[in-house]
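Chemist: This one is start-v3.cif, mmCIF, C-alpha atoms and all ligand atoms.
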```
data_structure
#
loop_
_atom_site.group_PDB
_atom_site.id
_atom_site.type_symbol
_atom_site.label_atom_id
_atom_site.label_comp_id
_atom_site.auth_asym_id
_atom_site.auth_seq_id
_atom_site.Cartn_x
_atom_site.Cartn_y
_atom_site.Cartn_z
ATOM 1 C CA SER A 1 2.978 -10.158 -21.940
ATOM 2 C CA GLN A 2 5.648 -9.585 -24.537
ATOM 3 C CA TYR A 3 7.299 -6.407 -23.316
ATOM 4 C CA ARG A 4 8.390 -5.702 -19.767
ATOM 5 C CA ILE A 5 8.981 -2.151 -18.632
ATOM 6 C CA ALA A 6 10.796 -1.226 -15.425
ATOM 7 C CA VAL A 7 9.287 1.944 -13.972
ATOM 8 C CA VAL A 8 11.481 4.145 -11.785
ATOM 9 C CA VAL A 9 9.661 6.807 -9.772
ATOM 10 C CA GLY A 10 11.969 9.504 -8.426
ATOM 11 C CA SER A 11 9.960 10.134 -5.265
ATOM 12 C CA LEU A 12 9.682 7.970 -2.159
ATOM 13 C CA ARG A 13 6.667 9.630 -0.636
ATOM 14 C CA LYS A 14 3.400 7.747 -0.335
ATOM 15 C CA ASP A 15 1.171 10.350 -1.979
ATOM 16 C CA SER A 16 3.677 11.256 -4.698
ATOM 17 C CA ILE A 17 2.066 12.907 -7.706
ATOM 18 C CA ASN A 18 4.765 11.305 -9.831
ATOM 19 C CA ARG A 19 3.779 7.858 -8.557
ATOM 20 C CA GLN A 20 0.152 8.753 -9.335
ATOM 21 C CA LEU A 21 1.236 9.774 -12.821
ATOM 22 C CA ALA A 22 3.179 6.518 -13.255
ATOM 23 C CA ASN A 23 0.188 4.466 -12.088
ATOM 24 C CA ALA A 24 -2.182 6.312 -14.426
ATOM 25 C CA VAL A 25 -0.065 6.460 -17.571
ATOM 26 C CA VAL A 26 0.593 2.713 -17.710
ATOM 27 C CA ARG A 27 -3.147 2.199 -18.174
ATOM 28 C CA LEU A 28 -2.739 3.822 -21.596
ATOM 29 C CA ALA A 29 -0.406 1.087 -22.873
ATOM 30 C CA PRO A 30 -1.495 -1.903 -24.973
ATOM 31 C CA PRO A 31 -1.967 -5.299 -23.246
ATOM 32 C CA GLU A 32 1.326 -6.742 -24.492
ATOM 33 C CA PHE A 33 3.120 -4.245 -22.233
ATOM 34 C CA GLU A 34 3.673 -5.012 -18.545
ATOM 35 C CA PHE A 35 4.949 -2.336 -16.167
ATOM 36 C CA ARG A 36 6.591 -2.908 -12.815
ATOM 37 C CA GLN A 37 7.761 -0.197 -10.413
ATOM 38 C CA LEU A 38 11.253 -0.735 -9.095
ATOM 39 C CA GLN A 39 11.892 -0.236 -5.406
ATOM 40 C CA ILE A 40 14.680 2.309 -4.838
ATOM 41 C CA GLY A 41 14.019 3.403 -1.251
ATOM 42 C CA ASP A 42 15.998 0.559 0.321
ATOM 43 C CA LEU A 43 19.178 0.987 -1.711
ATOM 44 C CA PRO A 44 22.376 1.886 0.144
ATOM 45 C CA LEU A 45 24.004 5.223 -0.595
ATOM 46 C CA TYR A 46 26.324 4.452 -3.462
ATOM 47 C CA ASN A 47 29.866 3.698 -2.282
ATOM 48 C CA GLN A 48 32.502 2.579 -4.751
ATOM 49 C CA ASP A 49 34.104 0.401 -2.063
ATOM 50 C CA ASP A 50 31.100 -1.914 -2.391
ATOM 51 C CA ASP A 51 31.479 -2.514 -6.143
ATOM 52 C CA ALA A 52 33.027 -5.964 -5.644
ATOM 53 C CA ASP A 53 30.273 -7.045 -3.235
ATOM 54 C CA GLN A 54 27.059 -5.191 -4.003
ATOM 55 C CA ALA A 55 24.250 -5.256 -1.437
ATOM 56 C CA ALA A 56 21.197 -7.449 -2.046
ATOM 57 C CA PRO A 57 18.877 -4.537 -2.965
ATOM 58 C CA VAL A 58 21.400 -3.387 -5.591
ATOM 59 C CA LYS A 59 21.621 -6.879 -7.084
ATOM 60 C CA ARG A 60 17.818 -7.061 -7.136
ATOM 61 C CA LEU A 61 17.556 -3.689 -8.870
ATOM 62 C CA LYS A 62 20.127 -4.663 -11.488
ATOM 63 C CA ALA A 63 18.404 -7.996 -12.165
ATOM 64 C CA GLU A 64 15.050 -6.284 -12.631
ATOM 65 C CA ILE A 65 16.528 -3.796 -15.090
ATOM 66 C CA ALA A 66 18.357 -6.568 -16.948
ATOM 67 C CA ALA A 67 15.070 -8.459 -17.370
ATOM 68 C CA ALA A 68 13.279 -5.388 -18.751
ATOM 69 C CA ASP A 69 12.848 -4.405 -22.398
ATOM 70 C CA GLY A 70 12.706 -0.742 -21.492
ATOM 71 C CA VAL A 71 12.738 1.741 -18.636
ATOM 72 C CA LEU A 72 10.275 4.484 -17.792
ATOM 73 C CA PHE A 73 11.469 7.263 -15.494
ATOM 74 C CA VAL A 74 8.837 9.413 -13.783
ATOM 75 C CA THR A 75 10.495 12.069 -11.708
ATOM 76 C CA PRO A 76 9.808 15.161 -9.658
ATOM 77 C CA GLU A 77 12.125 18.149 -9.692
ATOM 78 C CA TYR A 78 14.059 18.953 -6.530
ATOM 79 C CA ASN A 79 15.905 22.260 -6.500
ATOM 80 C CA ARG A 80 15.959 22.424 -10.296
ATOM 81 C CA SER A 81 17.389 18.920 -10.731
ATOM 82 C CA LEU A 82 16.509 15.269 -10.196
ATOM 83 C CA PRO A 83 16.064 13.977 -6.633
ATOM 84 C CA GLY A 84 19.098 12.419 -4.970
ATOM 85 C CA VAL A 85 17.236 9.146 -4.454
ATOM 86 C CA LEU A 86 16.874 8.758 -8.203
ATOM 87 C CA LYS A 87 20.505 9.633 -8.915
ATOM 88 C CA ASN A 88 21.533 7.175 -6.207
ATOM 89 C CA ALA A 89 19.539 4.389 -7.877
ATOM 90 C CA ILE A 90 21.040 5.240 -11.254
ATOM 91 C CA ASP A 91 24.565 5.243 -9.820
ATOM 92 C CA ASN A 92 24.091 1.957 -7.956
ATOM 93 C CA ALA A 93 22.846 0.086 -11.035
ATOM 94 C CA SER A 94 25.550 1.603 -13.277
ATOM 95 C CA ARG A 95 28.449 -0.122 -11.524
ATOM 96 C CA PRO A 96 30.905 -1.860 -11.355
ATOM 97 C CA TYR A 97 32.482 -0.259 -14.386
ATOM 98 C CA GLY A 98 31.582 -2.178 -17.518
ATOM 99 C CA HIS A 99 28.644 -3.884 -15.805
ATOM 100 C CA SER A 100 25.969 -1.207 -15.962
ATOM 101 C CA ALA A 101 22.427 -2.566 -16.009
ATOM 102 C CA TRP A 102 21.188 0.463 -17.952
ATOM 103 C CA ALA A 103 23.235 0.241 -21.147
ATOM 104 C CA GLY A 104 21.160 -0.097 -24.295
ATOM 105 C CA LYS A 105 17.753 -0.071 -22.586
ATOM 106 C CA PRO A 106 15.331 2.232 -24.372
ATOM 107 C CA ALA A 107 14.050 4.905 -21.998
ATOM 108 C CA GLY A 108 11.160 7.283 -21.616
ATOM 109 C CA VAL A 109 11.097 10.299 -19.324
ATOM 110 C CA LEU A 110 8.032 11.814 -17.671
ATOM 111 C CA GLY A 111 7.645 14.135 -14.741
ATOM 112 C CA ALA A 112 5.112 16.118 -12.790
ATOM 113 C CA SER A 113 5.176 19.151 -10.570
ATOM 114 C CA VAL A 114 2.637 21.458 -9.045
ATOM 115 C CA GLY A 115 4.786 24.239 -10.480
ATOM 116 C CA ALA A 116 4.396 25.656 -13.967
ATOM 117 C CA ILE A 117 7.512 24.093 -15.508
ATOM 118 C CA GLY A 118 6.371 20.559 -14.672
ATOM 119 C CA SER A 119 9.814 19.165 -13.727
ATOM 120 C CA ALA A 120 11.377 20.252 -17.042
ATOM 121 C CA LEU A 121 14.796 21.003 -15.551
ATOM 122 C CA ALA A 122 14.932 17.719 -13.641
ATOM 123 C CA GLN A 123 14.087 15.878 -16.854
ATOM 124 C CA GLN A 124 16.776 17.757 -18.761
ATOM 125 C CA HIS A 125 19.412 16.808 -16.186
ATOM 126 C CA LEU A 126 18.176 13.226 -16.265
ATOM 127 C CA ARG A 127 18.481 13.126 -20.067
ATOM 128 C CA ASN A 128 22.111 14.154 -19.762
ATOM 129 C CA ILE A 129 22.762 11.166 -17.486
ATOM 130 C CA LEU A 130 20.845 8.731 -19.714
ATOM 131 C CA ALA A 131 22.888 9.840 -22.728
ATOM 132 C CA TYR A 132 26.095 8.968 -20.893
ATOM 133 C CA LEU A 133 24.624 5.615 -19.810
ATOM 134 C CA ASP A 134 23.966 4.778 -23.480
ATOM 135 C CA MET A 135 20.194 4.575 -23.070
ATOM 136 C CA PRO A 136 18.360 5.547 -26.257
ATOM 137 C CA THR A 137 15.799 8.005 -24.889
ATOM 138 C CA LEU A 138 12.573 9.071 -26.577
ATOM 139 C CA GLY A 139 13.030 12.733 -27.457
ATOM 140 C CA GLN A 140 9.505 13.778 -28.386
ATOM 141 C CA PRO A 141 6.961 14.482 -27.208
ATOM 142 C CA GLU A 142 8.372 15.992 -24.050
ATOM 143 C CA ALA A 143 5.967 15.685 -21.128
ATOM 144 C CA PHE A 144 6.135 18.343 -18.426
ATOM 145 C CA ILE A 145 2.982 17.660 -16.451
ATOM 146 C CA GLN A 146 1.659 20.386 -14.179
ATOM 147 C CA VAL A 147 -0.638 18.723 -11.678
ATOM 148 C CA LYS A 148 -3.724 20.731 -10.792
ATOM 149 C CA GLU A 149 -7.444 20.233 -10.155
ATOM 150 C CA GLY A 150 -8.697 17.652 -12.658
ATOM 151 C CA THR A 151 -5.359 16.116 -13.632
ATOM 152 C CA PHE A 152 -6.478 12.897 -11.918
ATOM 153 C CA ASP A 153 -10.028 11.756 -11.226
ATOM 154 C CA ALA A 154 -11.161 10.007 -8.031
ATOM 155 C CA ASP A 155 -10.079 6.614 -9.415
ATOM 156 C CA GLY A 156 -6.588 7.830 -10.272
ATOM 157 C CA ASN A 157 -7.282 7.997 -13.987
ATOM 158 C CA LEU A 158 -6.091 10.961 -16.022
ATOM 159 C CA GLY A 159 -8.474 13.798 -16.778
ATOM 160 C CA GLU A 160 -9.472 14.190 -20.398
ATOM 161 C CA GLY A 161 -7.042 16.836 -21.649
ATOM 162 C CA VAL A 162 -3.925 15.365 -20.100
ATOM 163 C CA ARG A 163 -5.069 11.854 -21.019
ATOM 164 C CA LYS A 164 -5.212 12.706 -24.720
ATOM 165 C CA PHE A 165 -1.741 14.201 -24.574
ATOM 166 C CA LEU A 166 -0.278 11.267 -22.642
ATOM 167 C CA GLN A 167 -1.980 8.730 -24.915
ATOM 168 C CA GLY A 168 0.013 10.290 -27.754
ATOM 169 C CA TRP A 169 3.126 10.075 -25.601
ATOM 170 C CA MET A 170 2.500 6.419 -24.733
ATOM 171 C CA ASP A 171 1.894 5.472 -28.374
ATOM 172 C CA ARG A 172 5.293 6.905 -29.270
ATOM 173 C CA TYR A 173 6.991 5.232 -26.289
ATOM 174 C CA VAL A 174 5.509 1.834 -27.179
ATOM 175 C CA ASP A 175 6.849 2.175 -30.740
ATOM 176 C CA TRP A 176 10.222 3.264 -29.362
ATOM 177 C CA VAL A 177 10.540 0.176 -27.140
ATOM 178 C CA LYS A 178 9.408 -2.174 -29.919
ATOM 179 C CA PHE A 179 11.872 -0.617 -32.362
ATOM 180 C CA HIS A 180 14.807 -1.130 -29.991
ATOM 181 C CA ALA A 181 13.669 -4.621 -28.959
ATOM 182 C CA ALA A 182 13.604 -5.635 -32.634
ATOM 183 C CA GLY A 183 17.158 -4.352 -33.069
ATOM 184 C CA ARG A 184 18.575 -6.584 -30.330
HETATM 185 C C1 LIG B 201 10.438 20.688 -4.536
HETATM 186 N N1 LIG B 201 9.508 21.097 -5.503
HETATM 187 C C2 LIG B 201 9.970 21.669 -6.683
HETATM 188 N N2 LIG B 201 9.123 21.868 -7.756
HETATM 189 C C3 LIG B 201 9.599 22.362 -8.918
HETATM 190 O O1 LIG B 201 8.838 22.521 -9.869
HETATM 191 N N3 LIG B 201 10.913 22.708 -9.044
HETATM 192 C C4 LIG B 201 11.814 22.542 -8.040
HETATM 193 O O2 LIG B 201 12.975 22.842 -8.199
HETATM 194 C C5 LIG B 201 11.341 22.018 -6.799
HETATM 195 N N4 LIG B 201 12.192 21.822 -5.743
HETATM 196 C C6 LIG B 201 11.785 21.069 -4.661
HETATM 197 C C7 LIG B 201 12.725 20.651 -3.712
HETATM 198 C C8 LIG B 201 12.332 19.828 -2.672
HETATM 199 C C9 LIG B 201 13.372 19.315 -1.686
HETATM 200 C C10 LIG B 201 10.982 19.442 -2.542
HETATM 201 C C11 LIG B 201 10.535 18.533 -1.416
HETATM 202 C C12 LIG B 201 10.055 19.876 -3.453
HETATM 203 C C13 LIG B 201 8.082 20.805 -5.364
HETATM 204 C C14 LIG B 201 7.775 19.439 -5.927
HETATM 205 O O3 LIG B 201 7.548 19.535 -7.321
HETATM 206 C C15 LIG B 201 6.521 18.863 -5.241
HETATM 207 O O4 LIG B 201 6.786 18.704 -3.872
HETATM 208 C C16 LIG B 201 6.113 17.540 -5.838
HETATM 209 O O5 LIG B 201 4.868 17.148 -5.296
HETATM 210 C C17 LIG B 201 7.150 16.464 -5.555
HETATM 211 O O6 LIG B 201 6.877 15.290 -6.291
HETATM 212 P P1 LIG B 201 6.114 14.024 -5.637
HETATM 213 O O7 LIG B 201 6.831 13.614 -4.406
HETATM 214 O O8 LIG B 201 4.711 14.482 -5.338
HETATM 215 O O9 LIG B 201 6.140 13.014 -6.729
#
```
Just dump the structure as structure tokens.
Modeler:
Amino acid sequence: SQYRIAVVVGSLRKDSINRQLANAVVRLAPPEFEFRQLQIGDLPLYNQDDDADQAAPVKRLKAEIAAADGVLFVTPEYNRSLPGVLKNAIDNASRPYGHSAWAGKPAGVLGASVGAIGSALAQQHLRNILAYLDMPTLGQPEAFIQVKEGTFDADGNLGEGVRKFLQGWMDRYVDWVKFHAAGR
């Protein structure tokens, strides 16, 4: 496939609705797009003392981001912000100074919650970070997914209403990644 997307899910739990969303939404992309979820659960807590000798999982994460044409973040909201595990992954791959793996990678942001605001505040905090990291981030449509009965079917596919909306989102994201890939 022509375009590789690194998917970062901001939840470590097995039955994560955000992981379910990530697994379902990638099925809406065209065949020239390949998505791979990055592992972030084995990263050390970021410590600047380790910048000169980063741990193997950090090196792996950075290599996977470097090889990607774009990044897709799918995050829950914890206490009105992004989960610490996601911030930790972002921090680890952003260092040492001047050697961030994120810079220039086009990004998309999605998130799900059982609550009515669908992780909107977590996504807004995340966008602030991505702006600093110099990641051109798709602005619209925003996708604040409230998971309820019928959001996913028994096979993990999206229910009809949310599928139509996220198909529109994916079409825009695909164009966004292609646009930035062409500019490199
Ligand atoms: C939550 N949850 C939550 N939901 C929300 O809409 N806004 C919030 O601020 C929070 N805060 C929060 C903090 C912590 C520590 C937990 C564990 C949970 C609920 C959260 O959206 C719900 O548990 C999701 O299912 C978590 O996402 P995953 O793990 O299913 O992807």
Chemist: Rounded to one decimal place, report the CA of Pro76 (chain A)-CA of Lys148 (chain A) distance in Å.
Modeler: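 Between these atoms lies a distance of 14.7 Å.
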Chemist: Would you list the residues that come within 12 Å of ligand LIG 201 (chain B)? Count only C-alpha atoms and all ligand atoms and give the answer as a count of residues only.
Modeler: 50
Chemist: Report as number ranges by chain the residues that result from applying the PyMOL selection byres (((chain A and resi 90-95) around 7) and not hetatm) to the structure here.
Modeler: A: 46, 51, 58, 61-62, 86-89, 96-97, 99-102
Chemist: Just the residues within 12 Å of region 170-179 of chain A, please, counting all atoms listed in the file, with nothing from its chain fewer than 4 positions along; format it as a VMD selection string.
Modeler: chain A and resid 2 to 6 22 24 to 35 68 to 73 104 to 110 135 to 143 162 to 166 183 to 184
Chemist: Report the distance between CA of Ile129 (chain A) and CA of Gly168 (chain A) in Å, rounded to one decimal place.
Modeler: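 One can read the CA of Ile129 (chain A) to CA of Gly168 (chain A) distance as 25.0 Å.
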Chemist: So what do you get for CA of Ala63 (chain A) versus CA of Asp49 (chain A), distance-wise?
Modeler: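 So the two atoms, CA of Ala63 (chain A) and CA of Asp49 (chain A), lie 20.5 Å apart.
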Chemist: For Gln37 (chain A), which residue among A:Glu160, A:Asp53, A:Asp134, A:Glu64 is the nearest when counting only C-alpha atoms?
Modeler: A:Glu64
Chemist: Axis-aligned box over every listed atom of region 163-178 of chain A, padded by 3 Å per side: centre and edges in Å to one decimal, as AutoDock Vina command-line options?
Modeler:
```
--center_x 2.7 --center_y 6.0 --center_z -25.9 --size_x 21.8 --size_y 22.4 --size_z 15.7
```
Chemist: Taking only N, CA, C and O atoms, show region 99-131 of chain A of the given structure as a tab-separated table (two decimals), in the first residue's frame.
Modeler:
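decode.tsv, freshly written:
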```
chain	number	residue	atom	x	y	z
A	99	HIS	N	15.00	16.33	17.64
A	99	HIS	CA	14.84	15.01	17.03
A	99	HIS	C	13.47	14.41	17.32
A	99	HIS	O	13.35	13.22	17.60
A	100	SER	N	12.45	15.26	17.24
A	100	SER	CA	11.08	14.77	17.42
A	100	SER	C	10.68	13.93	16.23
A	100	SER	O	10.96	14.28	15.08
A	101	ALA	N	10.01	12.81	16.51
A	101	ALA	CA	9.50	11.96	15.42
A	101	ALA	C	8.21	12.52	14.82
A	101	ALA	O	7.80	12.13	13.74
A	102	TRP	N	7.57	13.44	15.53
A	102	TRP	CA	6.23	13.88	15.12
A	102	TRP	C	6.25	14.99	14.07
A	102	TRP	O	5.27	15.14	13.32
A	103	ALA	N	7.32	15.77	14.04
A	103	ALA	CA	7.32	17.02	13.26
A	103	ALA	C	6.94	16.79	11.80
A	103	ALA	O	7.50	15.93	11.12
A	104	GLY	N	5.97	17.56	11.35
A	104	GLY	CA	5.58	17.53	9.94
A	104	GLY	C	4.60	16.44	9.55
A	104	GLY	O	4.08	16.46	8.43
A	105	LYS	N	4.34	15.49	10.44
A	105	LYS	CA	3.42	14.39	10.08
A	105	LYS	C	1.97	14.88	10.14
A	105	LYS	O	1.53	15.38	11.19
A	106	PRO	N	1.24	14.73	9.06
A	106	PRO	CA	-0.17	15.13	9.11
A	106	PRO	C	-0.95	14.25	10.08
A	106	PRO	O	-0.75	13.04	10.13
A	107	ALA	N	-1.83	14.89	10.85
A	107	ALA	CA	-2.53	14.18	11.92
A	107	ALA	C	-4.04	14.30	11.79
A	107	ALA	O	-4.56	15.29	11.25
A	108	GLY	N	-4.71	13.29	12.30
A	108	GLY	CA	-6.15	13.32	12.49
A	108	GLY	C	-6.44	12.99	13.93
A	108	GLY	O	-5.68	12.26	14.57
A	109	VAL	N	-7.53	13.55	14.45
A	109	VAL	CA	-7.90	13.33	15.85
A	109	VAL	C	-9.34	12.84	15.93
A	109	VAL	O	-10.26	13.46	15.39
A	110	LEU	N	-9.52	11.71	16.60
A	110	LEU	CA	-10.84	11.16	16.86
A	110	LEU	C	-10.92	10.81	18.35
A	110	LEU	O	-9.88	10.61	18.99
A	111	GLY	N	-12.12	10.68	18.85
A	111	GLY	CA	-12.24	10.23	20.23
A	111	GLY	C	-13.66	9.83	20.54
A	111	GLY	O	-14.62	10.32	19.92
A	112	ALA	N	-13.77	8.93	21.51
A	112	ALA	CA	-15.09	8.43	21.91
A	112	ALA	C	-15.22	8.45	23.42
A	112	ALA	O	-14.24	8.29	24.15
A	113	SER	N	-16.44	8.65	23.85
A	113	SER	CA	-16.77	8.57	25.27
A	113	SER	C	-18.19	8.05	25.38
A	113	SER	O	-18.97	8.14	24.43
A	114	VAL	N	-18.51	7.50	26.54
A	114	VAL	CA	-19.91	7.19	26.79
A	114	VAL	C	-20.67	8.45	27.18
A	114	VAL	O	-21.88	8.50	27.14
A	115	GLY	N	-19.92	9.48	27.55
A	115	GLY	CA	-20.53	10.76	27.94
A	115	GLY	C	-20.90	11.59	26.72
A	115	GLY	O	-20.45	11.35	25.61
A	116	ALA	N	-21.73	12.61	26.98
A	116	ALA	CA	-22.34	13.37	25.89
A	116	ALA	C	-21.35	14.20	25.09
A	116	ALA	O	-21.58	14.50	23.93
A	117	ILE	N	-20.21	14.61	25.71
A	117	ILE	CA	-19.31	15.48	24.95
A	117	ILE	C	-18.28	14.71	24.14
A	117	ILE	O	-17.47	15.30	23.44
A	118	GLY	N	-18.34	13.37	24.22
A	118	GLY	CA	-17.55	12.54	23.29
A	118	GLY	C	-16.07	12.86	23.23
A	118	GLY	O	-15.47	12.85	22.17
A	119	SER	N	-15.45	13.14	24.35
A	119	SER	CA	-14.00	13.39	24.47
A	119	SER	C	-13.56	14.72	23.85
A	119	SER	O	-12.38	14.91	23.55
A	120	ALA	N	-14.49	15.66	23.70
A	120	ALA	CA	-14.18	16.94	23.05
A	120	ALA	C	-13.05	17.70	23.76
A	120	ALA	O	-12.18	18.28	23.10
A	121	LEU	N	-13.05	17.69	25.08
A	121	LEU	CA	-12.03	18.48	25.79
A	121	LEU	C	-10.66	17.81	25.72
A	121	LEU	O	-9.64	18.49	25.61
A	122	ALA	N	-10.64	16.48	25.74
A	122	ALA	CA	-9.37	15.77	25.54
A	122	ALA	C	-8.81	16.10	24.15
A	122	ALA	O	-7.61	16.36	23.99
A	123	GLN	N	-9.67	16.08	23.16
A	123	GLN	CA	-9.22	16.35	21.79
A	123	GLN	C	-8.70	17.78	21.67
A	123	GLN	O	-7.74	18.04	20.95
A	124	GLN	N	-9.36	18.72	22.35
A	124	GLN	CA	-8.92	20.10	22.27
A	124	GLN	C	-7.54	20.27	22.91
A	124	GLN	O	-6.68	20.95	22.37
A	125	HIS	N	-7.31	19.62	24.04
A	125	HIS	CA	-5.98	19.66	24.66
A	125	HIS	C	-4.95	19.01	23.75
A	125	HIS	O	-3.82	19.50	23.61
A	126	LEU	N	-5.33	17.89	23.14
A	126	LEU	CA	-4.41	17.21	22.24
A	126	LEU	C	-4.04	18.11	21.06
A	126	LEU	O	-2.87	18.18	20.65
A	127	ARG	N	-5.01	18.82	20.51
A	127	ARG	CA	-4.73	19.71	19.37
A	127	ARG	C	-3.72	20.79	19.73
A	127	ARG	O	-2.89	21.19	18.90
A	128	ASN	N	-3.79	21.25	20.96
A	128	ASN	CA	-2.82	22.25	21.43
A	128	ASN	C	-1.40	21.69	21.35
A	128	ASN	O	-0.47	22.36	20.91
A	129	ILE	N	-1.25	20.44	21.79
A	129	ILE	CA	0.06	19.78	21.79
A	129	ILE	C	0.54	19.55	20.35
A	129	ILE	O	1.71	19.81	20.02
A	130	LEU	N	-0.36	19.10	19.50
A	130	LEU	CA	0.02	18.80	18.10
A	130	LEU	C	0.44	20.07	17.37
A	130	LEU	O	1.33	20.03	16.51
A	131	ALA	N	-0.17	21.19	17.72
A	131	ALA	CA	0.22	22.46	17.10
A	131	ALA	C	1.66	22.79	17.46
A	131	ALA	O	2.46	23.16	16.60
```
